[in-house]
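Beneath this line is the structure, given in structure tokens, with notes to follow.
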Amino acid sequence: MNITSEYVQLSVADGTSMHAYSALPSKPGVYPGLIIFQEAFGVNHHIRDVAERFAREGYIAIAPELYHRSTEKGFEANYNDFAAVQSHLHQTSNETFELDSRAVWNWLISHPQIQEGSIASIGYCMGGRASFVANTILPLKAAISYYGGRIAPDLMKSAPSLHAPMLFFWGGLDKHIPPEQIQSVMKELRNAGKQFINVEFSNADHAFFCDERPSYNEQAAKESWVMTLEFLKNKLAP
């Protein structure tokens, strides 16, 4: 499917302005919307490529730059230089994720090609946590978290507020997110009566989906992509 892409500028309720990368099918029509939350390294080539992949699958995809309060638009960091992102990462919070999520939501629901009532979120690493946060404040139809850090214990009190079913992906070799944190997330969602799917790839590490990082796991990435598309298709059907 042919697509078009562009950067858009969004107004956030705290008075800031947020740069975001959007991609959507070129063919006229209505399409479901998808918020794509970045890894810690910015809305870089990989995240833009992910947005374009979803656009080719028939989604209006948008990836907001979550560091817009602390850096210039277009910020990207090298995967080998985590120190370059730490100061920006520390200036994000659940509150900033909420504000930014609402700004992107407003952009999507006002888009002339959006399929009404069919918006989801997906995020990777830091973005996995942001996707969880978005699902607690927005009437999403689906939400996906790839190896989202600090969901437990930070967000467990908000588990009862989740609007939509969630799909979680984890790497069994991931040392950044211990098994007890994952178990805590599942326990709290069960206690809250929330719908979820939990998937662990036992031979995959953190960031296994990113084909530009050494931890990329081709098999896990391909299989999680198929599951992701099927989950979104089922949950966003008119």
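Ordering of the structure tokens sets the chain letters (A, B, ...), residue numbers begin anew at 1 in every chain, and ligands are numbered from 1 in the order given.
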
For this session: Using only C-alpha atoms, determine which residues lie at most 9 Å from A:Leu236, disregarding the query and same-chain residues fewer than 2 positions distant; provide the list as a list in words.
Result: Pro32, Gly117, Ser118, Ile119, Ala120, Lys141, Ala142, Phe231, Leu232, Lys233, Asn234 and Pro238 of chain A

Output N, CA and C atoms for every residue in that selection, as a compact mmCIF listing (two decimals), in the first residue's frame.
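Once everything was written out, this is selection_7.txt:
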# COMPACT_ATOMS: atom_id res chain seq x y z
N PRO A 32 -8.22 3.20 10.87
CA PRO A 32 -8.00 3.28 12.31
C PRO A 32 -6.72 4.05 12.62
N GLY A 117 -13.86 5.92 16.63
CA GLY A 117 -13.88 4.90 17.67
C GLY A 117 -12.87 3.79 17.49
N SER A 118 -11.87 4.01 16.65
CA SER A 118 -10.90 2.95 16.37
C SER A 118 -9.48 3.49 16.49
N ILE A 119 -9.04 3.72 17.71
CA ILE A 119 -7.70 4.22 17.96
C ILE A 119 -7.03 3.33 19.00
N ALA A 120 -5.76 3.01 18.76
CA ALA A 120 -4.98 2.17 19.66
C ALA A 120 -3.63 2.83 19.92
N LYS A 141 -9.17 1.48 22.04
CA LYS A 141 -9.77 0.18 21.79
C LYS A 141 -8.76 -0.96 21.97
N ALA A 142 -7.47 -0.61 22.01
CA ALA A 142 -6.42 -1.60 22.21
C ALA A 142 -5.14 -0.87 22.58
N PHE A 231 -3.98 -8.71 16.69
CA PHE A 231 -4.59 -8.11 17.87
C PHE A 231 -5.28 -6.80 17.50
N LEU A 232 -4.58 -5.95 16.77
CA LEU A 232 -5.16 -4.66 16.36
C LEU A 232 -6.35 -4.87 15.44
N LYS A 233 -6.23 -5.79 14.51
CA LYS A 233 -7.34 -6.05 13.60
C LYS A 233 -8.59 -6.48 14.35
N ASN A 234 -8.42 -7.35 15.32
CA ASN A 234 -9.58 -7.84 16.08
C ASN A 234 -10.20 -6.76 16.96
N PRO A 238 -14.60 -2.31 12.98
CA PRO A 238 -15.79 -1.45 13.17
C PRO A 238 -16.94 -2.20 13.81

Exercise. Would you give me, as a PyMOL selection string, the residues in stretch 71-173 of chain A that DSSP reads as helix (DSSP H, G or I)?
Worked result: chain A and resi 83-90+94-109+126-137+156-161

Exercise. Per DSSP on the backbone, what are the strand (DSSP E) residues of stretch 140-221 of chain A, as a VMD selection string?
Worked result: chain A and resid 142 to 146 166 to 171 196 to 201

For this session: For A:Leu140, please output as a PyMOL selection string all residues within 12 Å (counting only C-alpha atoms; exclusion window: fewer than 4 positions along the same chain).
Result: chain A and resi 32-35+101-102+105+108-109+116-122+131-136+144+161-166+232+235-236

For this session: Can you work out the spacing between atom CA of A:Leu173 and atom CA of A:Ala204 in Å, to one decimal?
Result: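 Those two atoms sit 5.6 Å apart.
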
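The two atoms in question, atom CA of A:Tyr7 and atom CA of A:Cys210, are spaced 21.8 Å apart.
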
Problem set entry | Nearest to A:Gln86 by atom-to-atom distance, counting only C-alpha atoms, from A:Pro160, A:Ser110, A:Gly42, A:Glu57 |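 For A:Gln86, the nearest of the given residues is A:Gly42.
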